[in-house]
Amino acid sequence: MRDEVKQQEPAASGKRDRRFGAPRGAWYPVDRVRPGPVHRTAGLHGETLTFQVDRAGNPGSADDSGGWRLLTRFGLIWARPMDGDPDLPQLPPAPPDTLGSIAYSEVPADADYDQAVLGLVDPAHVPMIHRSWWWRSDRRRDKTKAYAPSPFGFTAMAADDFASTAVYDLVKQDRRVTIEFRLPSIRLERVTARGFELINLTTITPVREGHVVLRNLILCSDRRAALLKPFLSATGRVFLRQDVGILQRLEGRSPHLPLVFVGDPDKPSAFYFAAKAALARAEREGSGYVNPVEPQTLTWRT
Ligand SMILES: [Fe+2]
């Protein structure tokens with residue numbers, strides 16, 4: 001990795017440190033697509049965004065925020081202010097129409113933005129925070145994942161049989177699990193197997209300083225799973241509340257402290273800050289985004 005963040009000094013007091021906080025020129029989900037017509041409001045970067053949605057739930061232009069852009073993808077409405085490079089960073093490609101929504105949940109949290117995003121990339125997060133028996137085994141094992149650069153971030157692929165959650169054992173044939181992180185705060189888990197595809201999307205939206213919304217959405221090729229939507233959505237909410245619980249325990253301990261990354265388990269967190277630095281540089285210099293992540297295999301025990 002060319003631009004690894006090994007150690008960072010705290011920002012001088014009163015000065016905004018560009019390494020921390022939510023990139024302003026990026027897309028964030030602000031609502032889900034719900035039928036209108038109706039006016040909706042949403043918070044982003046400390047501002048209130050008002051927009052009209054049509055009968056199908058698609059947004060028109062923002063009413064009063066002077067140039068916000070809106071689009072729909074993954075069944076969510078995404079917004080981005082005009083400042084920043086209009087091409088950076090791009091959203092993931094739209095999922096195929098063959099996938100239907102089988103779960104949606106959102107939970108607000110009084111939490112630091114970067115701490116919330118680190119929860120999307122930290123390999124210790126899932127085994128330490130989401131401890132339901134059907135989600136993970138209590139047996140500790142060495143896990144190996146192959147990391148590779150992907151657009152505006154990086155993608156991890158399980159390199160052994162134990163690196164994925166136990167519930168994915170429901171589909172076995174030719175199963176492939178990848179977890180993509182894309183700036184600013186998108187975690188996209190994809191499971192493909194013979195005749196089966198699932199996308200599990202988690203996002204963090206910076207509503208205002210110290211306040212975020214966590215969202216989780218699951219799309220699946222097996223439409224029968226839609227019958228379980230109320231149950232799966234409630235389960236998603238349980239997961240997000242577990243996230244909020246740990247974030248609120250971290251209150252007062254923001255990452256605006258010297259950051260020290262040690263060993264393989266901390267590498268994805270270092271990738272995150274290096275990716276943000278690369279985005280800031282691309283916007284500042286008007287150059288293309290140069291991905292700082294290089295392919296590597298990481299191992300840890302959880
Ligand atoms: Fe989580």
# chains A, B, ... in the order shown; residues from 1 in each chain; ligands from 1
call {"tool": "residues_near_ligand", "arguments": {"ligand": "ligand 1", "cutoff": "10 Å", "atoms": "only C-alpha atoms and all ligand atoms", "output": "count of residues only"}}
result
25
call {"tool": "residues_around", "arguments": {"residues": "segment 173-185 of chain A", "least_positions_apart": "6", "cutoff": "6 Å", "atoms": "only C-alpha atoms", "output": "PyMOL selection string"}}
result
chain A and resi 117+152-157+191-194+203-204
call {"tool": "select_by_dssp", "arguments": {"residues": "segment 88-266 of chain A", "states": "helix (DSSP H, G or I)", "output": "ChimeraX atom specification"}}
result
/A:113-121,125-129,166-170,223-249,263-266
call {"tool": "residues_around", "arguments": {"residues": "Asn200 of chain A", "least_positions_apart": "2", "cutoff": "7 Å", "atoms": "only C-alpha atoms", "output": "PDB file with N, CA, C and O atoms, in the first residue's frame"}}
result
ATOM      1  N   LEU A 188     -20.756  -3.183   0.818  1.00  0.00           N
ATOM      2  CA  LEU A 188     -21.594  -3.956  -0.088  1.00  0.00           C
ATOM      3  C   LEU A 188     -21.126  -5.404  -0.049  1.00  0.00           C
ATOM      4  O   LEU A 188     -20.059  -5.726  -0.564  1.00  0.00           O
ATOM      5  N   GLU A 189     -21.914  -6.246   0.596  1.00  0.00           N
ATOM      6  CA  GLU A 189     -21.568  -7.659   0.695  1.00  0.00           C
ATOM      7  C   GLU A 189     -22.353  -8.405  -0.380  1.00  0.00           C
ATOM      8  O   GLU A 189     -23.568  -8.226  -0.491  1.00  0.00           O
ATOM      9  N   ARG A 190     -21.649  -9.211  -1.167  1.00  0.00           N
ATOM     10  CA  ARG A 190     -22.311  -9.944  -2.253  1.00  0.00           C
ATOM     11  C   ARG A 190     -22.098 -11.429  -2.040  1.00  0.00           C
ATOM     12  O   ARG A 190     -20.979 -11.881  -1.834  1.00  0.00           O
ATOM     13  N   LEU A 198     -27.260 -12.548  -3.642  1.00  0.00           N
ATOM     14  CA  LEU A 198     -27.740 -11.718  -2.527  1.00  0.00           C
ATOM     15  C   LEU A 198     -26.797 -10.532  -2.368  1.00  0.00           C
ATOM     16  O   LEU A 198     -25.581 -10.676  -2.492  1.00  0.00           O
ATOM     17  N   THR A 202     -24.843  -1.817   3.569  1.00  0.00           N
ATOM     18  CA  THR A 202     -24.903  -1.030   4.798  1.00  0.00           C
ATOM     19  C   THR A 202     -24.249   0.323   4.526  1.00  0.00           C
ATOM     20  O   THR A 202     -23.198   0.393   3.871  1.00  0.00           O
ATOM     21  N   LEU A 217     -29.842  -2.732   3.886  1.00  0.00           N
ATOM     22  CA  LEU A 217     -30.795  -3.141   2.857  1.00  0.00           C
ATOM     23  C   LEU A 217     -30.318  -4.473   2.298  1.00  0.00           C
ATOM     24  O   LEU A 217     -29.120  -4.631   2.024  1.00  0.00           O
ATOM     25  N   ILE A 218     -31.221  -5.429   2.135  1.00  0.00           N
ATOM     26  CA  ILE A 218     -30.829  -6.713   1.545  1.00  0.00           C
ATOM     27  C   ILE A 218     -31.681  -6.970   0.309  1.00  0.00           C
ATOM     28  O   ILE A 218     -32.918  -6.859   0.350  1.00  0.00           O
ATOM     29  N   LEU A 219     -31.004  -7.290  -0.784  1.00  0.00           N
ATOM     30  CA  LEU A 219     -31.667  -7.661  -2.031  1.00  0.00           C
ATOM     31  C   LEU A 219     -31.323  -9.115  -2.334  1.00  0.00           C
ATOM     32  O   LEU A 219     -30.194  -9.544  -2.084  1.00  0.00           O
TER      33      LEU A 219
END
call {"tool": "closest_residue", "arguments": {"among": "A:Pro206, A:Gly46, A:Pro292, A:Gly57", "to": "Phe271 of chain A", "atoms": "only C-alpha atoms"}}
result
A:Pro292
call {"tool": "select_by_dssp", "arguments": {"residues": "segment 211-271 of chain A", "states": "strand (DSSP E or B)", "output": "JSON, numbers by chain"}}
result
{"A": [211, 212, 213, 214, 215, 216, 217, 218, 219, 220, 259, 260]}
call {"tool": "residues_around", "arguments": {"residues": "Thr297 of chain A", "least_positions_apart": "3", "cutoff": "8 Å", "atoms": "only C-alpha atoms", "output": "list in words"}}
result
Thr144, Lys145, Ala146 and Tyr147 of chain A
call {"tool": "residues_around", "arguments": {"residues": "Gly75 of chain A", "least_positions_apart": "6", "cutoff": "10 Å", "atoms": "only C-alpha atoms", "output": "PyMOL selection string"}}
result
chain A and resi 29+31-34+57-58+94-95+100-101+104+217+219
call {"tool": "atom_distance", "arguments": {"atom1": "atom CA of Gly288 of chain A", "atom2": "atom CA of Pro92 of chain A"}}
result
17.2 Å
call {"tool": "residues_around", "arguments": {"residues": "Arg223 of chain A", "least_positions_apart": "4", "cutoff": "8 Å", "atoms": "only C-alpha atoms", "output": "short mmCIF file (atom, residue, chain, number, x, y, z; two decimals) with N, CA, C and O atoms, in the first residue's frame"}}
result
data_model
loop_
_atom_site.label_atom_id
_atom_site.label_comp_id
_atom_site.auth_asym_id
_atom_site.auth_seq_id
_atom_site.Cartn_x
_atom_site.Cartn_y
_atom_site.Cartn_z
N LEU A 99 -33.07 -8.93 -8.70
CA LEU A 99 -32.99 -8.94 -7.24
C LEU A 99 -34.12 -8.11 -6.65
O LEU A 99 -34.37 -7.00 -7.11
N GLY A 100 -34.79 -8.65 -5.64
CA GLY A 100 -35.86 -7.92 -4.97
C GLY A 100 -35.47 -7.63 -3.53
O GLY A 100 -34.66 -8.35 -2.93
N ILE A 102 -35.56 -7.70 0.31
CA ILE A 102 -36.09 -8.63 1.32
C ILE A 102 -35.89 -8.09 2.73
O ILE A 102 -36.34 -8.71 3.70
N LEU A 227 -41.14 -12.96 1.60
CA LEU A 227 -42.16 -13.28 2.61
C LEU A 227 -41.61 -13.07 4.02
O LEU A 227 -42.36 -12.85 4.96
#
call {"tool": "residues_around", "arguments": {"residues": "Glu283 of chain A", "least_positions_apart": "4", "cutoff": "12 Å", "atoms": "only C-alpha atoms", "output": "JSON, numbers by chain"}}
result
{"A": [23, 24, 25, 26, 83, 84, 85, 86, 87, 88, 89, 276, 277, 278, 279, 287, 288, 289, 290]}
call {"tool": "atom_distance", "arguments": {"atom1": "atom CA of Arg19 of chain A", "atom2": "atom CA of Ala282 of chain A"}}
result
13.7 Å
